[in-house]
>>> print(open('work03.csv').read())   # CSV, C-alpha atoms
chain,number,residue,atom,x,y,z
H,1046,MET,CA,39.3,98.8,51.8
H,1047,THR,CA,41.3,97.8,48.8
H,1048,THR,CA,41.8,94.3,50.2
H,1049,GLN,CA,38.0,93.8,50.6
H,1050,PHE,CA,37.4,94.9,47.0
H,1051,PHE,CA,39.8,92.3,45.6
H,1052,SER,CA,38.2,89.6,47.8
H,1053,CYS,CA,34.7,90.3,46.6
H,1054,THR,CA,35.9,90.4,43.0
H,1055,SER,CA,37.6,87.0,43.3
H,1056,LEU,CA,34.4,85.5,44.9
H,1057,ILE,CA,32.2,86.8,42.0
H,1058,LEU,CA,34.6,85.4,39.4
H,1059,LEU,CA,34.7,82.0,41.1
H,1060,LEU,CA,30.9,81.8,41.2
H,1061,CYS,CA,30.6,82.7,37.5
H,1062,ALA,CA,33.3,80.2,36.5
H,1063,SER,CA,31.5,77.2,38.2
H,1064,PRO,CA,28.4,77.1,36.0
H,1065,LEU,CA,30.5,77.5,32.9
H,1066,THR,CA,32.7,74.6,33.9
H,1067,ALA,CA,29.6,72.4,34.5
H,1068,PHE,CA,28.1,73.5,31.2
H,1069,ALA,CA,31.4,72.6,29.4
H,1070,GLN,CA,31.5,69.2,31.0
H,1071,GLN,CA,27.9,68.6,30.0
H,1072,ALA,CA,28.5,69.6,26.4
H,1073,THR,CA,31.6,67.4,26.2
H,1074,SER,CA,29.6,64.5,27.6
H,1075,SER,CA,26.8,65.0,25.1
H,1076,THR,CA,29.1,65.1,22.1
H,1077,SER,CA,30.5,61.7,22.9
H,1078,GLY,CA,27.1,60.0,22.6
H,1079,PRO,CA,24.4,59.0,25.2
H,1080,ALA,CA,25.6,56.7,28.0
H,1081,ALA,CA,24.1,53.2,27.8
H,1082,VAL,CA,21.7,52.4,30.6
H,1083,PRO,CA,22.1,49.0,32.4
H,1084,THR,CA,19.1,46.7,31.8
H,1085,ILE,CA,17.8,43.7,33.7
H,1086,ALA,CA,16.8,40.7,31.6
H,1087,GLU,CA,16.6,37.1,32.6
H,1088,ASN,CA,18.1,38.0,36.0
H,1089,LEU,CA,21.1,39.5,34.2
H,1090,SER,CA,22.5,43.0,34.6
H,1091,VAL,CA,24.1,44.1,31.3
H,1092,THR,CA,26.4,47.1,31.0
H,1093,PRO,CA,28.1,48.2,27.8
H,1094,LYS,CA,31.9,48.1,27.8
H,1095,PHE,CA,32.6,50.1,24.7
H,1096,GLY,CA,29.8,52.8,24.8
H,1097,GLN,CA,27.2,50.8,22.9
H,1098,THR,CA,24.0,52.6,22.5
H,1099,GLU,CA,20.6,51.5,23.9
H,1100,GLN,CA,19.6,50.6,20.3
H,1101,GLN,CA,22.6,48.4,19.9
H,1102,LEU,CA,22.1,46.8,23.3
H,1103,THR,CA,18.5,46.0,22.3
H,1104,ALA,CA,19.5,44.5,19.0
H,1105,ASP,CA,22.3,42.4,20.6
H,1106,ARG,CA,19.9,41.3,23.4
H,1107,THR,CA,17.3,40.1,20.9
H,1108,GLU,CA,19.8,38.2,18.8
H,1109,CYS,CA,21.4,36.6,21.9
H,1110,GLY,CA,18.0,35.6,23.1
H,1111,GLN,CA,17.2,33.8,19.8
H,1112,TRP,CA,20.5,32.0,19.9
H,1113,ALA,CA,20.0,31.0,23.5
H,1114,ARG,CA,16.5,29.7,22.7
H,1115,GLY,CA,17.9,27.5,20.0
H,1116,GLN,CA,20.6,26.2,22.3
H,1117,THR,CA,18.4,25.4,25.4
H,1118,GLY,CA,14.8,25.0,24.1
H,1119,PHE,CA,13.6,27.7,26.5
H,1120,ASP,CA,11.4,30.4,25.0
H,1121,ALA,CA,11.2,33.5,27.2
H,1122,GLY,CA,8.3,34.8,25.1
H,1123,GLN,CA,6.0,32.0,26.2
H,1124,ILE,CA,4.3,31.5,29.5
H,1125,GLY,CA,6.2,28.7,31.2
H,1126,GLY,CA,9.0,29.0,28.7
H,1127,GLY,CA,7.4,26.4,26.5
H,1128,VAL,CA,8.9,23.6,28.7
H,1129,ALA,CA,7.4,21.2,31.2
H,1130,ARG,CA,6.8,22.7,34.7
H,1131,PRO,CA,9.4,20.4,36.5
H,1132,ASP,CA,12.1,21.6,34.0
H,1133,TYR,CA,11.2,25.3,34.2
H,1134,THR,CA,13.9,26.5,36.8
H,1135,ALA,CA,16.8,24.5,35.3
H,1136,ARG,CA,16.0,25.3,31.7
H,1137,ARG,CA,15.6,29.1,32.5
H,1138,GLN,CA,19.0,29.1,34.3
H,1139,GLN,CA,20.6,27.5,31.2
H,1140,TYR,CA,18.9,30.0,29.0
H,1141,GLY,CA,20.2,32.9,31.2
H,1142,ARG,CA,23.8,31.6,31.1
H,1143,ALA,CA,23.6,31.2,27.3
H,1144,VAL,CA,22.4,34.8,27.0
H,1145,ALA,CA,25.2,36.0,29.3
H,1146,ALA,CA,27.9,34.2,27.3
H,1147,CYS,CA,26.6,35.6,24.1
H,1148,LEU,CA,26.5,39.2,25.4
H,1149,GLU,CA,29.9,39.0,26.9
H,1150,GLY,CA,31.3,37.9,23.5
H,1151,ARG,CA,29.7,41.1,22.0
H,1152,GLY,CA,31.5,43.4,24.5
H,1153,TYR,CA,29.2,43.7,27.5
H,1154,ASN,CA,29.8,43.3,31.3
H,1155,VAL,CA,27.2,40.8,32.5
H,1156,ARG,CA,26.4,39.7,36.0
H,1157,PHE,CA,23.6,37.8,37.6
H,1158,ALA,CA,21.4,40.4,39.4
H,1159,ALA,CA,18.6,38.4,41.0
H,1160,PRO,CA,17.5,34.7,41.3
H,1161,ALA,CA,15.3,33.4,38.6
H,1162,ASN,CA,11.6,33.9,39.1
H,1163,ALA,CA,9.5,30.9,40.0
H,1164,PRO,CA,7.5,29.3,37.2
H,1165,PRO,CA,4.0,30.8,36.8
H,1166,ALA,CA,1.4,29.5,39.1
H,1167,TYR,CA,-0.4,27.8,36.3
H,1168,TYR,CA,0.1,26.9,32.7
H,1169,PRO,CA,-2.6,27.8,30.2
H,1170,PRO,CA,-4.8,24.9,29.3
H,1171,ALA,CA,-3.6,23.0,26.2
H,1172,PRO,CA,-5.8,23.6,23.2
H,1173,PRO,CA,-8.3,20.8,22.6
H,1174,PRO,CA,-7.2,18.3,19.9
H,1175,PRO,CA,-8.8,18.7,16.5
H,1176,PRO,CA,-11.9,16.6,16.0
H,1177,TYR,CA,-11.2,13.2,14.5
H,1178,VAL,CA,-12.8,12.7,11.1
H,1179,ALA,CA,-12.8,9.2,9.7
H,1180,ARG,CA,-12.2,9.1,6.0
H,1181,TYR,CA,-12.2,6.1,3.9
H,1182,SER,CA,-9.1,5.7,1.7
H,1183,PRO,CA,-9.5,3.0,-1.0
H,1184,PRO,CA,-6.6,0.6,-1.1
H,1185,SER,CA,-3.8,1.3,-3.5
H,1186,HIS,CA,-4.3,-2.1,-5.1
H,1187,PRO,CA,-7.2,-4.5,-5.5
H,1188,GLU,CA,-7.8,-6.9,-2.6
H,1189,LEU,CA,-9.5,-10.3,-2.2
H,1190,LYS,CA,-12.5,-9.7,0.0
H,1191,TYR,CA,-15.0,-12.1,1.4
H,1192,HIS,CA,-18.1,-12.6,-0.7
H,1193,PRO,CA,-20.5,-15.5,0.1
H,1194,PHE,CA,-21.1,-16.3,-3.6
H,1195,ALA,CA,-18.8,-16.2,-6.6
H,1196,VAL,CA,-19.3,-17.1,-10.3
H,1197,GLN,CA,-16.5,-18.1,-12.5
H,1198,ILE,CA,-15.8,-18.7,-16.2
H,1199,ASP,CA,-12.8,-20.5,-17.4
H,1200,GLY,CA,-11.0,-22.2,-20.3
H,1201,GLY,CA,-7.8,-23.9,-21.1
H,1202,TYR,CA,-6.1,-27.1,-22.2
H,1203,THR,CA,-6.7,-30.7,-21.0
H,1204,VAL,CA,-3.8,-33.0,-21.0
H,1205,THR,CA,-4.5,-36.8,-21.5
H,1206,THR,CA,-2.5,-39.1,-19.4
H,1207,GLY,CA,-2.1,-42.8,-18.8
H,1208,ALA,CA,-3.8,-45.2,-21.3
H,1209,THR,CA,-6.0,-42.3,-22.4
H,1210,SER,CA,-3.0,-40.5,-24.0
H,1211,GLN,CA,-2.6,-43.5,-26.3
H,1212,ASP,CA,-6.0,-43.0,-27.9
H,1213,LEU,CA,-6.6,-39.3,-27.6
H,1214,ASP,CA,-4.6,-36.1,-28.1
H,1215,GLY,CA,-4.9,-33.3,-25.6
H,1216,GLY,CA,-7.6,-30.7,-26.3
H,1217,GLY,CA,-9.3,-27.5,-25.3
H,1218,ASN,CA,-11.8,-27.1,-22.5
H,1219,ALA,CA,-14.3,-24.5,-21.3
H,1220,GLY,CA,-16.4,-24.3,-18.1
H,1221,LEU,CA,-18.6,-22.4,-15.7
H,1222,GLY,CA,-18.7,-22.6,-11.9
H,1223,LEU,CA,-20.3,-21.4,-8.7
H,1224,THR,CA,-18.6,-21.2,-5.3
H,1225,TRP,CA,-20.3,-20.6,-1.9
H,1226,PHE,CA,-18.4,-19.8,1.3
H,1227,PRO,CA,-20.9,-19.9,4.2
H,1228,THR,CA,-18.9,-17.8,6.6
H,1229,SER,CA,-15.8,-15.6,6.5
H,1230,VAL,CA,-14.5,-17.2,9.7
H,1231,LEU,CA,-13.7,-20.6,8.0
H,1232,PRO,CA,-11.7,-20.7,4.7
H,1233,VAL,CA,-13.8,-23.6,3.4
H,1234,GLY,CA,-16.3,-23.3,0.6
H,1235,ILE,CA,-18.4,-25.5,-1.6
H,1236,ARG,CA,-18.1,-25.2,-5.4
H,1237,VAL,CA,-19.9,-26.7,-8.3
H,1238,ASP,CA,-18.1,-26.8,-11.7
H,1239,GLY,CA,-19.3,-27.8,-15.2
H,1240,SER,CA,-16.9,-28.4,-18.1
H,1241,TYR,CA,-16.7,-29.4,-21.7
H,1242,SER,CA,-13.6,-30.8,-23.4
H,1243,TRP,CA,-12.9,-32.1,-26.8
H,1244,PHE,CA,-10.1,-34.3,-28.1
H,1245,ARG,CA,-8.8,-35.6,-31.4
H,1246,ALA,CA,-8.6,-39.4,-31.9
H,1247,LYS,CA,-5.2,-41.0,-32.4
H,1248,ASP,CA,-4.3,-43.8,-34.8
H,1249,SER,CA,-4.6,-46.5,-32.1
H,1250,LEU,CA,-8.2,-45.6,-31.7
H,1251,LEU,CA,-8.9,-45.1,-35.4
H,1252,ASN,CA,-7.4,-48.5,-36.4
H,1253,THR,CA,-9.9,-50.4,-34.3
H,1254,GLY,CA,-12.4,-50.0,-37.3
H,1255,ASN,CA,-10.2,-48.8,-40.1
H,1256,PHE,CA,-11.4,-45.2,-39.5
H,1257,THR,CA,-9.7,-42.2,-40.9
H,1258,SER,CA,-10.8,-39.4,-38.5
H,1259,GLY,CA,-12.6,-39.0,-35.2
H,1260,HIS,CA,-12.9,-37.1,-32.0
H,1261,GLU,CA,-14.2,-37.5,-28.4
H,1262,ASP,CA,-16.2,-35.0,-26.4
H,1263,LEU,CA,-16.2,-35.1,-22.6
H,1264,TYR,CA,-18.7,-33.2,-20.5
H,1265,GLY,CA,-19.9,-33.2,-17.0
H,1266,GLY,CA,-19.4,-31.6,-13.6
H,1267,ASP,CA,-17.9,-31.8,-10.1
H,1268,ALA,CA,-19.0,-31.0,-6.6
H,1269,ASP,CA,-15.9,-30.0,-4.6
H,1270,LEU,CA,-14.7,-28.6,-1.4
H,1271,GLN,CA,-12.3,-25.7,-1.6
H,1272,LEU,CA,-9.8,-24.8,1.2
H,1273,ASN,CA,-8.1,-21.4,1.0
H,1274,LEU,CA,-4.6,-21.5,2.4
H,1275,ALA,CA,-3.3,-19.0,4.9
H,1276,HIS,CA,-1.5,-16.1,3.2
H,1277,ARG,CA,0.1,-12.8,4.1
H,1278,SER,CA,-1.0,-10.9,1.1
H,1279,SER,CA,-4.5,-9.5,0.8
H,1280,ALA,CA,-4.2,-9.5,-3.0
H,1281,MET,CA,-3.5,-13.1,-3.7
H,1282,GLN,CA,-4.0,-16.6,-2.4
H,1283,PHE,CA,-3.4,-20.3,-3.0
H,1284,TYR,CA,-6.1,-22.9,-2.5
H,1285,LEU,CA,-6.8,-26.7,-2.7
H,1286,PHE,CA,-9.9,-28.3,-3.9
H,1287,GLY,CA,-11.2,-31.8,-4.6
H,1288,GLY,CA,-14.4,-33.9,-4.7
H,1289,ALA,CA,-16.6,-36.2,-6.8
H,1290,GLY,CA,-18.3,-35.7,-10.2
H,1291,TRP,CA,-20.2,-37.3,-13.1
H,1292,TYR,CA,-19.0,-37.3,-16.6
H,1293,ARG,CA,-20.1,-38.6,-20.0
H,1294,GLU,CA,-18.0,-39.4,-23.0
H,1295,GLN,CA,-19.1,-39.3,-26.6
H,1296,THR,CA,-16.9,-40.7,-29.3
H,1297,VAL,CA,-17.4,-40.2,-33.0
H,1298,LEU,CA,-15.3,-42.1,-35.5
H,1299,ARG,CA,-15.6,-41.8,-39.3
H,1300,GLN,CA,-14.2,-43.5,-42.4
H,1301,VAL,CA,-13.7,-41.2,-45.4
H,1302,SER,CA,-13.1,-42.8,-48.8
H,1303,ILE,CA,-12.7,-41.6,-52.3
H,1304,VAL,CA,-15.7,-42.8,-54.3
H,1305,SER,CA,-16.8,-42.4,-57.9
H,1306,GLY,CA,-20.0,-40.7,-59.0
H,1307,THR,CA,-21.3,-37.6,-60.6
H,1308,VAL,CA,-19.6,-34.3,-59.8
H,1309,CYS,CA,-21.7,-31.2,-60.5
H,1310,GLY,CA,-20.3,-27.8,-61.0
H,1311,PHE,CA,-22.1,-24.4,-61.3
H,1312,TYR,CA,-23.0,-25.0,-65.0
H,1313,TYR,CA,-22.5,-28.7,-65.6
H,1314,CYS,CA,-22.4,-32.2,-64.1
H,1315,ARG,CA,-20.0,-35.0,-65.1
H,1316,PRO,CA,-18.6,-38.3,-63.8
H,1317,GLY,CA,-15.8,-38.0,-61.3
H,1318,PHE,CA,-14.3,-38.9,-57.9
H,1319,PHE,CA,-14.8,-37.2,-54.5
H,1320,PRO,CA,-14.3,-38.0,-50.8
H,1321,ALA,CA,-17.3,-39.2,-48.8
H,1322,VAL,CA,-18.1,-40.6,-45.4
H,1323,THR,CA,-18.4,-44.3,-46.0
H,1324,ALA,CA,-18.7,-45.4,-42.4
H,1325,GLU,CA,-19.4,-43.8,-39.0
H,1326,GLN,CA,-19.5,-45.0,-35.4
H,1327,ARG,CA,-21.0,-43.0,-32.6
H,1328,THR,CA,-20.6,-44.2,-29.0
H,1329,THR,CA,-22.0,-42.4,-25.9
H,1330,SER,CA,-21.2,-43.7,-22.5
H,1331,ASP,CA,-23.3,-43.6,-19.4
H,1332,TRP,CA,-22.9,-41.0,-16.7
H,1333,ASP,CA,-19.9,-42.4,-14.9
H,1334,HIS,CA,-18.7,-41.4,-11.5
H,1335,ALA,CA,-15.4,-39.5,-11.2
H,1336,TRP,CA,-13.1,-37.9,-8.6
H,1337,ASN,CA,-10.7,-35.1,-8.8
H,1338,ALA,CA,-8.1,-33.1,-6.8
H,1339,GLY,CA,-6.3,-29.9,-7.6
H,1340,VAL,CA,-4.6,-26.7,-6.7
H,1341,GLY,CA,-5.3,-23.1,-7.7
H,1342,PHE,CA,-3.8,-19.6,-7.5
H,1343,GLU,CA,-6.0,-16.5,-7.4
H,1344,THR,CA,-5.1,-12.8,-7.5
H,1345,ALA,CA,-7.4,-9.8,-7.3
H,1346,ILE,CA,-7.7,-7.6,-10.4
H,1347,ALA,CA,-10.7,-5.3,-9.4
H,1348,ASN,CA,-13.1,-4.7,-6.5
H,1349,ARG,CA,-15.0,-7.9,-7.0
H,1350,ALA,CA,-13.1,-9.6,-9.7
H,1351,SER,CA,-10.1,-12.0,-9.6
H,1352,PHE,CA,-8.0,-14.0,-12.0
H,1353,PHE,CA,-7.2,-17.6,-11.3
H,1354,VAL,CA,-5.2,-20.5,-12.6
H,1355,GLU,CA,-6.1,-24.1,-11.7
H,1356,ALA,CA,-4.7,-27.6,-12.4
H,1357,ARG,CA,-6.5,-30.8,-11.3
H,1358,TYR,CA,-6.2,-34.5,-11.7
H,1359,LEU,CA,-9.4,-36.1,-13.0
H,1360,ARG,CA,-10.1,-39.8,-13.0
H,1361,ILE,CA,-13.3,-41.3,-14.5
H,1362,LEU,CA,-14.5,-44.6,-13.2
H,1363,PRO,CA,-14.6,-47.5,-13.6
H,1364,ASN,CA,-10.9,-48.0,-13.1
H,1365,SER,CA,-10.7,-50.6,-15.8
H,1366,ASN,CA,-11.1,-47.9,-18.4
H,1367,GLN,CA,-8.1,-46.0,-17.2
H,1368,THR,CA,-9.6,-42.7,-18.3
H,1369,LYS,CA,-7.4,-39.9,-16.9
H,1370,PHE,CA,-7.1,-36.2,-17.6
H,1371,VAL,CA,-5.3,-33.2,-16.3
H,1372,PRO,CA,-7.3,-30.1,-17.1
H,1373,ILE,CA,-5.4,-26.8,-16.8
H,1374,THR,CA,-7.7,-23.8,-16.8
H,1375,PHE,CA,-7.4,-20.0,-16.6
H,1376,GLY,CA,-10.4,-17.9,-15.7
H,1377,LEU,CA,-12.1,-15.0,-14.0
H,1378,ARG,CA,-14.1,-15.1,-10.8
H,1379,PHE,CA,-16.8,-12.5,-9.9
>>> encode(input="work03.csv", output="structure tokens")
Amino acid sequence: MTTQFFSCTSLILLLCASPLTAFAQQATSSTSGPAAVPTIAENLSVTPKFGQTEQQLTADRTECGQWARGQTGFDAGQIGGGVARPDYTARRQQYGRAVAACLEGRGYNVRFAAPANAPPAYYPPAPPPPPYVARYSPPSHPELKYHPFAVQIDGGYTVTTGATSQDLDGGGNAGLGLTWFPTSVLPVGIRVDGSYSWFRAKDSLLNTGNFTSGHEDLYGGDADLQLNLAHRSSAMQFYLFGGAGWYREQTVLRQVSIVSGTVCGFYYCRPGFFPAVTAEQRTTSDWDHAWNAGVGFETAIANRASFFVEARYLRILPNSNQTKFVPITFGLRF
């Protein structure tokens, strides 16, 4: 009887002690922090080695994913990984290994849990390209453009040469012109120029009649062909020109002498001496034929305006007169 009583008492104590032991174990486990749950991501099984929490695992997983994306170019947040379909499997495996290496360095056990999934059955269609809108952008600098007709004004200095330089000094010139290019395909145009020049007579010409002063005027025009030379720049060009023309020369020579006579002032008149033209000779030639050839340079300065410099050799016939000039002109062409 006594033996049975002690046996029952021992059994009751054992049963009561078991729940308390289990409760103590559960309390001890809860005070050390929640156990991290293994997660599957990019066919990886990740388990904390040092009791990292789920929040820490999530943060580390995110940072390692960003690092792996920068290393491999694979973006797990996009359909197809943001890579070409033939590269999907290889690039995703590279991405998984990069994530695994990063997590292992942060204190996790990592192992491959399953093969990588196949790429999605289709890729989303690429967005349509934005509509093309043509916009005109004016050039940053003026350009020489084709215009059938152009008008020019010019002026400059005419150099006398040959026998002409013995009788006349060089002098100024002014002119007008019109150029016509029939087509933009051929760089050949027709131009008509008119000019006026004036020169001071030298002593060799004055001494022919004991003259003291004189000058010569030259006026006429040319009909030329102009050839634009090939050039790389759209803002400037060189060109050649030449042709025939008609010119006329007018020479005026005067003799000024000191003569005696009556000199009148504002309130009086009295005998005195004063200069006066005592002799004058005017000579005007016929319209003589001429030929010329020259070179020019032109550069754009506005939408339809350009600046040019030209130099030509001008010979007036007949050859026995040896009348030769070199006009150098500067001008604007519109």
>>> closest_atom_pairs(input="work03.csv", of="range 1244-1328 of chain H", to="range 1358-1363 of chain H", cutoff="10 Å", atoms="all atoms listed in the file", output="JSON lines")
{"residue": "H:Asp1267", "atom": "CA", "partner": "H:Leu1359", "partner_atom": "CA", "distance": 10.0}
{"residue": "H:Gly1287", "atom": "CA", "partner": "H:Tyr1358", "partner_atom": "CA", "distance": 9.1}
{"residue": "H:Gly1288", "atom": "CA", "partner": "H:Leu1359", "partner_atom": "CA", "distance": 9.9}
{"residue": "H:Ala1289", "atom": "CA", "partner": "H:Leu1359", "partner_atom": "CA", "distance": 9.5}
{"residue": "H:Gly1290", "atom": "CA", "partner": "H:Ile1361", "partner_atom": "CA", "distance": 8.7}
{"residue": "H:Trp1291", "atom": "CA", "partner": "H:Ile1361", "partner_atom": "CA", "distance": 8.1}
{"residue": "H:Tyr1292", "atom": "CA", "partner": "H:Ile1361", "partner_atom": "CA", "distance": 7.3}
{"residue": "H:Arg1293", "atom": "CA", "partner": "H:Ile1361", "partner_atom": "CA", "distance": 9.2}
{"residue": "H:Glu1294", "atom": "CA", "partner": "H:Ile1361", "partner_atom": "CA", "distance": 9.9}
>>> residues_around(input="work03.csv", residues="Ile1346 in chain H", least_positions_apart="3", cutoff="12 Å", atoms="only C-alpha atoms", output="NGL selection string")
:H and (1185-1190 or 1279-1281 or 1343 or 1349-1353 or 1376-1379)
>>> residues_near_point(input="work03.csv", point="(16.4, 30.8, 31.7)", cutoff="10 Å", atoms="all atoms listed in the file", output="list of chain:residue names")
H:Ala1086, H:Glu1087, H:Asn1088, H:Gly1110, H:Ala1113, H:Arg1114, H:Thr1117, H:Gly1118, H:Phe1119, H:Asp1120, H:Ala1121, H:Gly1126, H:Tyr1133, H:Thr1134, H:Ala1135, H:Arg1136, H:Arg1137, H:Gln1138, H:Gln1139, H:Tyr1140, H:Gly1141, H:Arg1142, H:Ala1143, H:Val1144, H:Ala1161, H:Asn1162
>>> closest_atom_pairs(input="work03.csv", of="range 1314-1376 of chain H", to="range 1207-1212 of chain H", cutoff="9 Å", atoms="all atoms listed in the file", output="Markdown table")
| residue | atom | partner | partner_atom | distance |
| --- | --- | --- | --- | --- |
| H:Asn1366 | CA | H:Ala1208 | CA | 8.3 |
| H:Gln1367 | CA | H:Ala1208 | CA | 6.0 |
| H:Thr1368 | CA | H:Thr1209 | CA | 5.5 |
| H:Lys1369 | CA | H:Thr1209 | CA | 6.2 |
| H:Phe1370 | CA | H:Thr1209 | CA | 7.8 |
